[in-house]
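Asks: So I've got this file, input_18.cif, and it contains mmCIF, C-alpha atoms and all ligand atoms:
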data_my_file
loop_
_atom_site.label_atom_id
_atom_site.label_comp_id
_atom_site.auth_asym_id
_atom_site.auth_seq_id
_atom_site.Cartn_x
_atom_site.Cartn_y
_atom_site.Cartn_z
CA MET A 1319 -32.77 -51.25 63.78
CA SER A 1320 -33.24 -49.94 61.39
CA LEU A 1321 -30.42 -47.85 60.00
CA VAL A 1322 -28.10 -50.55 58.67
CA TYR A 1323 -25.51 -48.57 56.69
CA ALA A 1324 -24.21 -45.00 56.55
CA GLY A 1325 -21.57 -43.74 54.18
CA VAL A 1326 -20.45 -40.93 51.91
CA LEU A 1327 -19.28 -40.76 48.34
CA SER A 1328 -18.47 -38.09 45.81
CA HIS A 1329 -20.65 -37.10 42.91
CA ALA A 1330 -19.71 -35.08 39.85
CA PRO A 1331 -20.88 -35.34 36.26
CA GLY A 1332 -17.30 -35.95 35.14
CA ILE A 1333 -17.08 -39.20 37.15
CA THR A 1334 -19.14 -40.84 34.43
CA GLY A 1335 -19.37 -38.18 31.72
CA ARG A 1336 -15.65 -37.48 31.34
CA ALA A 1337 -14.37 -40.94 32.32
CA ASN A 1338 -12.86 -41.34 28.85
CA LEU A 1339 -10.74 -38.18 29.22
CA VAL A 1340 -8.90 -39.40 32.34
CA ASP A 1341 -5.11 -39.63 32.17
CA ASN A 1342 -4.63 -41.54 35.41
CA VAL A 1343 -6.70 -44.57 34.47
CA ALA A 1344 -5.35 -46.71 37.34
CA LYS A 1345 -6.47 -44.15 39.91
CA ARG A 1346 -9.87 -43.83 38.26
CA ASP A 1347 -10.36 -47.58 38.34
CA GLU A 1348 -9.28 -47.73 41.97
CA PHE A 1349 -11.98 -45.16 42.74
CA TYR A 1350 -14.56 -47.19 40.83
CA ALA A 1351 -13.48 -50.35 42.68
CA ASN A 1352 -14.04 -48.61 46.02
CA LEU A 1353 -17.48 -47.50 44.90
CA ASP A 1354 -18.23 -51.10 44.05
CA THR A 1355 -17.09 -52.15 47.52
CA GLN A 1356 -19.55 -49.62 48.91
CA ARG A 1357 -22.31 -51.16 46.78
CA GLN A 1358 -21.42 -54.56 48.22
CA GLN A 1359 -21.43 -53.22 51.80
CA ILE A 1360 -24.91 -51.80 51.30
CA LYS A 1361 -26.07 -55.11 49.87
CA ASP A 1362 -24.44 -57.11 52.67
CA ALA A 1363 -26.20 -54.90 55.21
CA GLY A 1364 -29.48 -56.15 53.77
CA ALA A 1365 -30.71 -52.69 52.88
CA GLU A 1366 -34.29 -52.58 51.63
CA ALA A 1367 -34.15 -48.91 50.71
CA LEU A 1368 -31.43 -46.38 49.98
CA VAL A 1369 -31.71 -42.81 51.25
CA VAL A 1370 -29.48 -40.50 49.22
CA ILE A 1371 -28.71 -37.13 50.79
CA ALA A 1372 -27.72 -34.99 47.85
CA ALA A 1373 -27.07 -31.39 46.90
CA GLU A 1374 -28.85 -31.04 43.62
CA HIS A 1375 -27.90 -28.43 41.09
CA PHE A 1376 -30.99 -26.56 39.90
CA GLY A 1377 -32.61 -29.58 38.30
CA ASN A 1378 -35.79 -29.40 40.40
CA PHE A 1379 -35.28 -26.73 43.02
CA PHE A 1380 -34.82 -23.11 42.10
CA MET A 1381 -34.86 -19.74 43.78
CA ASP A 1382 -38.58 -19.30 43.08
CA ASN A 1383 -39.31 -21.60 46.02
CA MET A 1384 -36.14 -23.09 47.44
CA PRO A 1385 -36.49 -25.57 50.31
CA ALA A 1386 -33.60 -25.90 52.74
CA TYR A 1387 -34.48 -29.61 53.03
CA CYS A 1388 -36.63 -31.79 50.84
CA MET A 1389 -37.39 -35.52 51.01
CA GLY A 1390 -38.82 -37.63 48.21
CA ILE A 1391 -42.01 -39.62 48.71
CA GLY A 1392 -42.62 -40.40 45.06
CA GLU A 1393 -43.58 -43.81 43.69
CA PHE A 1394 -40.88 -43.42 41.11
CA TYR A 1395 -38.37 -40.92 39.81
CA GLU A 1396 -36.72 -40.24 36.50
CA GLY A 1397 -33.17 -39.44 35.66
CA PRO A 1398 -30.84 -38.16 34.60
CA ILE A 1399 -32.37 -34.78 33.93
CA GLU A 1400 -29.23 -33.90 31.98
CA ASP A 1401 -28.51 -35.07 28.47
CA PRO A 1402 -27.80 -38.82 28.92
CA GLU A 1403 -25.07 -38.62 26.27
CA TRP A 1404 -23.35 -35.85 28.21
CA LEU A 1405 -23.54 -37.72 31.53
CA LYS A 1406 -23.07 -41.15 29.93
CA ILE A 1407 -25.87 -42.58 32.06
CA ALA A 1408 -28.98 -43.81 30.23
CA ARG A 1409 -32.29 -42.20 31.16
CA THR A 1410 -34.34 -44.51 33.31
CA LYS A 1411 -37.09 -44.86 35.91
CA ILE A 1412 -35.97 -45.35 39.50
CA PRO A 1413 -38.29 -46.98 42.06
CA GLY A 1414 -39.23 -44.89 45.09
CA ALA A 1415 -40.56 -45.91 48.50
CA PRO A 1416 -43.65 -43.73 49.01
CA ASP A 1417 -45.00 -45.39 52.13
CA LEU A 1418 -41.66 -45.62 53.89
CA GLY A 1419 -40.80 -42.11 52.73
CA ARG A 1420 -43.96 -40.70 54.30
CA ARG A 1421 -43.24 -42.36 57.62
CA LEU A 1422 -39.71 -40.96 57.59
CA VAL A 1423 -40.95 -37.47 56.72
CA CYS A 1424 -43.50 -37.57 59.56
CA GLU A 1425 -40.82 -38.50 62.08
CA VAL A 1426 -38.29 -35.96 60.78
CA MET A 1427 -40.92 -33.23 60.91
CA LYS A 1428 -41.21 -33.62 64.67
CA THR A 1429 -37.97 -31.67 64.98
CA VAL A 1430 -37.00 -30.33 61.55
CA ASP A 1431 -39.26 -28.72 58.96
CA THR A 1432 -38.63 -30.53 55.72
CA ALA A 1433 -40.35 -30.03 52.39
CA PHE A 1434 -41.38 -33.15 50.50
CA ALA A 1435 -41.83 -34.00 46.86
CA GLU A 1436 -43.67 -36.70 44.94
CA GLU A 1437 -42.00 -35.71 41.71
CA TRP A 1438 -38.27 -35.39 41.23
CA LYS A 1439 -36.00 -35.64 38.23
CA PHE A 1440 -32.65 -36.84 39.47
CA ASP A 1441 -29.62 -34.91 38.29
CA HIS A 1442 -26.02 -36.13 38.27
CA GLY A 1443 -25.84 -35.54 42.03
CA ILE A 1444 -28.02 -38.61 42.57
CA MET A 1445 -27.62 -40.47 39.27
CA VAL A 1446 -23.83 -40.80 39.50
CA PRO A 1447 -24.04 -42.43 42.97
CA LEU A 1448 -26.91 -44.70 41.86
CA ASN A 1449 -24.97 -45.68 38.76
CA PHE A 1450 -22.38 -47.27 41.07
CA LEU A 1451 -24.44 -48.27 44.13
CA THR A 1452 -27.53 -49.75 42.47
CA PRO A 1453 -26.62 -50.09 38.81
CA ASN A 1454 -29.72 -52.15 38.03
CA TYR A 1455 -32.02 -49.65 39.79
CA ASP A 1456 -33.63 -52.43 41.78
CA LEU A 1457 -33.28 -50.84 45.22
CA PRO A 1458 -36.01 -48.35 46.20
CA VAL A 1459 -34.57 -44.87 46.62
CA ILE A 1460 -35.60 -42.02 48.89
CA PRO A 1461 -33.93 -38.83 47.67
CA VAL A 1462 -33.14 -36.07 50.13
CA ASN A 1463 -31.94 -32.65 49.13
CA ILE A 1464 -30.09 -30.09 51.19
CA ASN A 1465 -29.84 -26.77 49.38
CA CYS A 1466 -26.10 -26.22 48.92
CA GLN A 1467 -26.36 -24.17 45.73
CA GLY A 1468 -28.56 -21.11 46.07
CA PRO A 1469 -27.80 -19.00 49.15
CA PRO A 1470 -29.05 -18.29 51.76
CA LEU A 1471 -28.07 -21.80 52.82
CA THR A 1472 -29.18 -23.72 55.89
CA PRO A 1473 -26.60 -23.35 58.69
CA LEU A 1474 -24.45 -26.32 59.65
CA HIS A 1475 -25.97 -26.81 63.09
CA ARG A 1476 -29.34 -27.29 61.40
CA VAL A 1477 -27.75 -29.81 59.05
CA TRP A 1478 -26.64 -31.69 62.14
CA ALA A 1479 -30.16 -31.54 63.56
CA PHE A 1480 -31.51 -32.83 60.25
CA GLY A 1481 -29.07 -35.75 60.28
CA GLU A 1482 -30.10 -36.65 63.82
CA ALA A 1483 -33.78 -36.41 62.88
CA LEU A 1484 -33.22 -38.68 59.90
CA ARG A 1485 -31.50 -41.22 62.15
CA ARG A 1486 -34.38 -41.15 64.61
CA ALA A 1487 -36.78 -41.60 61.70
CA CYS A 1488 -34.86 -44.57 60.29
CA ASP A 1489 -34.77 -46.20 63.71
CA SER A 1490 -38.55 -45.77 64.08
CA VAL A 1491 -39.40 -48.04 61.15
CA PRO A 1492 -38.91 -51.78 60.71
CA GLU A 1493 -37.34 -51.57 57.24
CA ARG A 1494 -33.58 -51.91 56.88
CA ILE A 1495 -32.29 -48.60 55.52
CA ALA A 1496 -28.97 -47.50 54.07
CA VAL A 1497 -28.13 -43.80 53.91
CA VAL A 1498 -25.43 -42.19 51.84
CA GLY A 1499 -24.44 -38.57 51.60
CA THR A 1500 -23.02 -37.36 48.35
CA GLY A 1501 -21.18 -34.12 47.97
CA GLY A 1502 -17.95 -32.62 47.06
CA ILE A 1503 -15.46 -31.33 49.54
CA SER A 1504 -13.40 -28.46 48.08
CA HIS A 1505 -14.18 -27.88 44.42
CA TRP A 1506 -15.03 -25.19 41.91
CA PRO A 1507 -17.31 -27.14 39.57
CA ALA A 1508 -18.47 -25.80 36.22
CA THR A 1509 -16.43 -22.60 36.62
CA PRO A 1510 -13.15 -21.57 34.98
CA ASP A 1511 -11.48 -23.01 38.09
CA SER A 1512 -12.94 -26.46 37.41
CA GLY A 1513 -10.39 -29.09 38.43
CA LYS A 1514 -8.98 -27.04 41.29
CA ILE A 1515 -8.95 -29.09 44.50
CA ASN A 1516 -7.63 -27.93 47.88
CA GLU A 1517 -6.29 -31.28 49.02
CA GLU A 1518 -5.03 -30.00 52.36
CA TRP A 1519 -8.45 -28.56 53.18
CA ASP A 1520 -10.12 -31.78 52.05
CA ARG A 1521 -7.90 -33.95 54.23
CA ASP A 1522 -8.48 -31.73 57.24
CA PHE A 1523 -12.24 -31.89 56.67
CA LEU A 1524 -12.11 -35.67 56.22
CA ASP A 1525 -10.12 -35.98 59.45
CA ARG A 1526 -12.85 -34.11 61.33
CA LEU A 1527 -15.50 -36.18 59.57
CA MET A 1528 -13.88 -39.56 60.30
CA ARG A 1529 -13.43 -38.60 63.96
CA ASN A 1530 -17.07 -37.52 63.83
CA ASP A 1531 -16.04 -34.42 65.75
CA LYS A 1532 -19.27 -32.43 65.86
CA ASP A 1533 -17.74 -29.21 67.15
CA ALA A 1534 -14.96 -29.25 64.57
CA LEU A 1535 -17.42 -30.01 61.77
CA LEU A 1536 -19.78 -27.23 62.74
CA ALA A 1537 -16.94 -24.71 63.11
CA TYR A 1538 -16.83 -23.89 59.39
CA THR A 1539 -18.31 -20.62 58.20
CA ASP A 1540 -19.63 -20.27 54.66
CA GLU A 1541 -17.26 -17.34 54.11
CA ALA A 1542 -14.19 -19.40 54.97
CA THR A 1543 -15.50 -22.43 53.08
CA TYR A 1544 -16.05 -20.34 49.97
CA ARG A 1545 -12.59 -18.84 50.22
CA ASP A 1546 -10.75 -22.13 50.79
CA ALA A 1547 -13.00 -24.71 49.18
CA GLY A 1548 -15.01 -22.88 46.54
CA GLN A 1549 -18.76 -22.80 46.14
CA GLY A 1550 -18.62 -26.60 45.78
CA GLY A 1551 -17.43 -26.70 49.39
CA PHE A 1552 -20.94 -25.78 50.52
CA GLU A 1553 -21.81 -29.41 49.77
CA ILE A 1554 -20.01 -30.53 52.96
CA ARG A 1555 -23.55 -30.30 54.34
CA THR A 1556 -24.41 -33.70 52.87
CA PHE A 1557 -21.40 -35.33 54.55
CA ILE A 1558 -22.05 -33.61 57.87
CA ALA A 1559 -25.67 -34.82 57.87
CA ILE A 1560 -24.41 -38.39 57.49
CA ALA A 1561 -21.98 -37.99 60.40
CA ALA A 1562 -24.89 -36.81 62.56
CA ALA A 1563 -27.09 -39.69 61.40
CA ALA A 1564 -24.40 -42.33 61.92
CA GLY A 1565 -23.16 -41.13 65.29
CA GLY A 1566 -20.04 -43.30 65.13
CA LYS A 1567 -16.59 -42.88 63.69
CA GLY A 1568 -15.90 -43.11 59.99
CA GLU A 1569 -13.52 -45.21 57.97
CA LEU A 1570 -12.01 -43.47 54.96
CA GLN A 1571 -11.82 -46.12 52.26
CA PHE A 1572 -10.63 -43.90 49.44
CA TYR A 1573 -9.65 -40.31 48.74
CA THR A 1574 -7.72 -38.81 45.87
CA ALA A 1575 -7.11 -35.36 44.52
CA GLU A 1576 -5.43 -36.91 41.49
CA LEU A 1577 -8.47 -36.99 39.22
CA PRO A 1578 -9.03 -33.27 38.63
CA ILE A 1579 -10.79 -33.98 35.35
CA PHE A 1580 -13.66 -35.10 37.59
CA ALA A 1581 -13.54 -31.60 39.14
CA VAL A 1582 -13.73 -32.95 42.69
CA GLY A 1583 -11.59 -34.84 45.19
CA CYS A 1584 -12.98 -38.37 45.03
CA THR A 1585 -14.07 -39.87 48.35
CA VAL A 1586 -15.58 -43.11 49.61
CA ALA A 1587 -16.16 -43.70 53.33
CA SER A 1588 -18.44 -45.57 55.70
CA PHE A 1589 -19.42 -44.97 59.32
CA ASP A 1590 -19.98 -46.98 62.45
CA LEU A 1591 -23.55 -46.72 63.61
CA ALA A 1592 -23.60 -45.61 67.24
CA ALA A 1593 -26.58 -46.88 69.19
CA MET B 163 -29.48 -6.62 37.09
CA SER B 164 -32.09 -9.33 36.55
CA LEU B 165 -29.85 -12.30 37.26
CA TYR B 166 -32.80 -14.13 38.79
CA TYR B 167 -34.79 -14.15 35.53
CA LEU B 168 -31.70 -14.76 33.42
CA GLN B 169 -31.04 -17.92 35.45
CA LYS B 170 -34.73 -18.79 35.46
CA PHE B 171 -34.71 -18.74 31.65
CA LEU B 172 -31.81 -21.19 31.57
CA PHE B 173 -33.27 -23.33 34.37
CA GLN B 174 -36.44 -23.74 32.28
CA LEU B 175 -34.50 -24.39 29.11
CA ASN B 176 -32.38 -27.05 30.80
CA ARG B 177 -35.32 -29.06 32.08
CA ASP B 178 -38.15 -28.47 29.60
CA GLU B 179 -38.14 -30.05 26.15
CA LEU B 180 -40.83 -27.68 24.91
CA ALA B 181 -38.66 -24.70 25.87
CA GLN B 182 -35.76 -26.36 24.04
CA GLU B 183 -37.91 -26.63 20.94
CA ARG B 184 -38.98 -23.01 21.20
CA TYR B 185 -35.36 -21.95 21.63
CA GLY B 186 -34.94 -23.05 18.02
CA SER B 187 -38.27 -21.97 16.57
CA ASP B 188 -39.45 -18.97 18.62
CA LEU B 189 -36.53 -17.61 20.60
CA ASP B 190 -37.83 -14.04 20.73
CA GLY B 191 -41.20 -15.24 22.00
CA LEU B 192 -39.51 -17.35 24.67
CA LEU B 193 -37.18 -14.52 25.72
CA GLY B 194 -40.19 -12.19 25.91
CA GLU B 195 -41.65 -14.25 28.72
CA PHE B 196 -38.78 -13.32 31.03
CA ASP B 197 -37.96 -9.93 32.48
CA LEU B 198 -34.52 -9.59 30.89
CA LYS B 199 -32.22 -6.65 30.25
CA GLU B 200 -31.14 -6.13 26.63
CA GLU B 201 -27.59 -7.25 27.42
CA GLU B 202 -28.93 -10.48 28.93
CA ALA B 203 -31.29 -11.19 26.03
CA THR B 204 -28.48 -10.55 23.54
CA ALA B 205 -26.14 -12.90 25.43
CA LEU B 206 -28.83 -15.60 25.22
CA ARG B 207 -29.53 -14.92 21.54
CA GLU B 208 -25.82 -15.26 20.77
CA GLY B 209 -25.11 -18.13 23.17
CA ASP B 210 -22.40 -15.94 24.70
CA ILE B 211 -21.16 -18.24 27.48
CA GLY B 212 -18.40 -15.83 28.55
CA LEU B 213 -20.77 -12.91 29.07
CA LEU B 214 -23.38 -15.09 30.80
CA TYR B 215 -20.71 -16.22 33.24
CA VAL B 216 -19.64 -12.63 33.90
CA LEU B 217 -23.29 -11.67 34.42
CA GLY B 218 -23.33 -14.22 37.24
CA VAL B 219 -25.07 -17.31 35.87
CA ASN B 220 -24.28 -20.30 38.07
CA GLY B 221 -22.06 -22.86 36.35
CA GLN B 222 -24.43 -25.64 37.36
CA ILE B 223 -26.97 -24.00 35.07
CA LEU B 224 -24.55 -22.63 32.48
CA MET B 225 -22.71 -25.88 31.75
CA HIS B 226 -25.96 -27.53 30.63
CA TYR B 227 -26.76 -24.61 28.34
CA ALA B 228 -23.28 -24.97 26.86
CA ALA B 229 -23.83 -28.70 26.34
CA PHE B 230 -27.22 -27.92 24.77
CA LEU B 231 -25.43 -25.61 22.33
CA GLY B 232 -23.03 -28.45 21.49
CA ILE B 233 -20.01 -26.85 23.18
CA GLU B 234 -17.34 -29.29 24.34
CA TRP B 235 -16.19 -29.25 27.98
CA PHE B 236 -12.77 -27.61 27.57
CA ASP B 237 -14.21 -25.06 25.14
CA TYR B 238 -16.84 -24.22 27.74
CA LEU B 239 -14.12 -23.54 30.34
CA ASP B 240 -12.21 -21.42 27.81
CA MET B 241 -15.25 -19.34 26.94
CA MET B 242 -15.72 -18.38 30.59
CA ARG B 243 -12.06 -17.37 30.87
CA LYS B 244 -12.33 -15.29 27.71
CA GLY B 245 -15.50 -13.71 29.06
CA ILE B 246 -13.56 -12.49 32.09
CA ASP B 247 -10.75 -11.18 29.87
CA LYS B 248 -13.25 -9.28 27.77
CA HIS B 249 -15.85 -8.11 30.29
CA GLY B 250 -14.00 -8.09 33.61
CA PRO B 251 -14.79 -9.96 36.82
CA VAL B 252 -18.11 -11.66 37.57
CA ARG B 253 -20.64 -8.97 38.45
CA ALA B 254 -23.23 -10.81 40.56
CA GLY B 255 -24.16 -14.13 42.10
CA VAL B 256 -22.06 -16.60 44.06
CA TYR B 257 -18.96 -16.28 41.89
CA THR B 258 -18.14 -12.65 42.50
CA MET B 259 -15.08 -13.85 44.43
CA THR B 260 -13.99 -16.64 42.07
CA GLY B 261 -10.79 -16.14 40.10
CA GLY B 262 -10.11 -16.19 36.39
CA GLY B 263 -9.22 -19.86 36.32
CA SER B 264 -6.03 -21.12 34.82
CA SER B 265 -6.26 -24.75 33.75
CA PHE B 266 -6.17 -27.21 36.63
CA THR B 267 -6.17 -30.46 34.69
CA GLU B 268 -3.39 -32.27 32.89
CA GLU B 269 -5.93 -33.51 30.40
CA GLU B 270 -6.69 -29.99 29.22
CA LYS B 271 -3.01 -29.34 28.52
CA HIS B 272 -2.99 -32.03 25.82
CA ARG B 273 -5.18 -29.90 23.60
FE FE C 1601 -22.50 -31.12 43.46
#
Show the structure stored in the file as structure tokens.

Replies:
Amino acid sequence: MSLVYAGVLSHAPGITGRANLVDNVAKRDEFYANLDTQRQQIKDAGAEALVVIAAEHFGNFFMDNMPAYCMGIGEFYEGPIEDPEWLKIARTKIPGAPDLGRRLVCEVMKTVDTAFAEEWKFDHGIMVPLNFLTPNYDLPVIPVNINCQGPPLTPLHRVWAFGEALRRACDSVPERIAVVGTGGISHWPATPDSGKINEEWDRDFLDRLMRNDKDALLAYTDEATYRDAGQGGFEIRTFIAIAAAAGGKGELQFYTAELPIFAVGCTVASFDLAA
Amino acid sequence: MSLYYLQKFLFQLNRDELAQERYGSDLDGLLGEFDLKEEEATALREGDIGLLYVLGVNGQILMHYAAFLGIEWFDYLDMMRKGIDKHGPVRAGVYTMTGGGSSFTEEEKHR
């Protein structure tokens, strides 16, 4: 104990906000059904808190003082920071886990310098996952941010170290903890290329991720990722951190590039937890 | 090029209700608090999404400004494309390598 679940899922504002524009309704609903399965897996694991490793988009963190890593130790959070009508998620208060969060931060800090925050307004990067994984907002949440938006970005081998530190931290506390990473793989969100998805690149990345092949995962350079996977591809950091935390192989439950209106390839996967 | 302050202005606007109020009632006063070039201030005064994109504003900031201005999603994408047609490629920021963006979604073709 006490990491009891590790998984990844996609976020994008369109997943909720543009749900009504989708042509391929069957595929959309299949994606939603897989997200609900993930919710059930987290519940079945008996999770008492949910750590969400996200890549927020200038809701809280900006280039005036940008942390490479930040962990939430707030009593509560608010979200979404975006217009609730636009995101189609009502604004609400989300319970935090301040005491547990502090203990995790202290353990992580033994090997990785992380910032922390007692105040955090969740953007779609966290709200969309929560909307599916804890729709009643009754599971305490510990948000984690990896800066994937404003370069210079933390290098991938440090992301791996962060994931390992988070695992060590989870295993040092008695609470049962679920962790999810939420990113995109290849995508060009909020740009004129919105909806572009490099499916081949995504499937290759997911293959490396499911094998939990550390060397292959850390072999990406930001230059190549930008070229092949867009600036949204920088968010592979959140998935890589989960692979490092889990230690075991992954099981890809769902992937599709057939919902480009969501502006991201849609992914759901879980990992074995290596001892 | 003061892309930093241009984005800072929009970052504040996106997250601060008071700034949103002042955008309507005291835009010049609000703009005056940021170290902006005339071209940048004009783009903000006119809500010129296409020019702001070309100036290098990150889409994760820009899309919320567009929503704040009441611009629909596909119109927002179009405005960026037209900005490139009019002003040329993106001049600064992370998108200096991003293309002009033909439509990638079936849904947009219905329009
Ligand atoms: Fe994102």

Asks: Please identify every residue of chain A that has at least one atom no farther than 8 Å from an atom of ligand FE 1601 (chain C), counting all atoms listed in the file, and for each give the shortest atom pair and the distance in Å to one decimal, arranged by chain then increasing number, as CSV.

Replies:
residue,atom,partner,partner_atom,distance
A:His1329,CA,C:FE1601,FE,6.3
A:Ala1330,CA,C:FE1601,FE,6.0
A:Ala1372,CA,C:FE1601,FE,7.8
A:Ala1373,CA,C:FE1601,FE,5.7
A:Glu1374,CA,C:FE1601,FE,6.4
A:His1375,CA,C:FE1601,FE,6.5
A:Gly1443,CA,C:FE1601,FE,5.7
A:Thr1500,CA,C:FE1601,FE,7.9
A:Gly1501,CA,C:FE1601,FE,5.6
A:Gly1502,CA,C:FE1601,FE,6.0
A:Pro1507,CA,C:FE1601,FE,7.6
A:Gly1550,CA,C:FE1601,FE,6.4
A:Glu1553,CA,C:FE1601,FE,6.6

Asks: Residues of chain A within 6 Å of chain B, counting all atoms listed in the file - could you list those as a PDB file with C-alpha atoms, in the frame of the given file?

Replies:
ATOM      1  CA  HIS A1375     -27.900 -28.430  41.090  1.00  0.00           C
ATOM      2  CA  ALA A1508     -18.470 -25.800  36.220  1.00  0.00           C
ATOM      3  CA  THR A1509     -16.430 -22.600  36.620  1.00  0.00           C
ATOM      4  CA  PRO A1510     -13.150 -21.570  34.980  1.00  0.00           C
ATOM      5  CA  ASP A1511     -11.480 -23.010  38.090  1.00  0.00           C
ATOM      6  CA  GLY A1513     -10.390 -29.090  38.430  1.00  0.00           C
ATOM      7  CA  LYS A1514      -8.980 -27.040  41.290  1.00  0.00           C
ATOM      8  CA  PRO A1578      -9.030 -33.270  38.630  1.00  0.00           C
ATOM      9  CA  ILE A1579     -10.790 -33.980  35.350  1.00  0.00           C
TER      10      ILE A1579
END

Asks: Taking into account all atoms listed in the file, which residue in the set A:Asp1401, A:Glu1396, A:Asp1546, A:Asp1533 is nearest to Leu231 in chain B?

Replies: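 Checking each candidate against Leu231 in chain B, we get A:Asp1401 as the closest.
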
Asks: Could you check how far CA of Leu1524 in chain A sits from CA of Ala1479 in chain A, in Å to one decimal?

Replies: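 Separation between CA of Leu1524 in chain A and CA of Ala1479 in chain A: 19.9 Å.
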
Asks: For a cut-off of 8 Å around (-26.4, -12.7, 40.1), file coordinates, pick out all residues using all atoms listed in the file and list them as a list in words.

Replies: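 Those residues, ordered by chain and then number, are Met163, Ser164, Leu165, Tyr166, Leu217, Gly218, Val219, Arg253, Ala254, Gly255 and Val256 of chain B.
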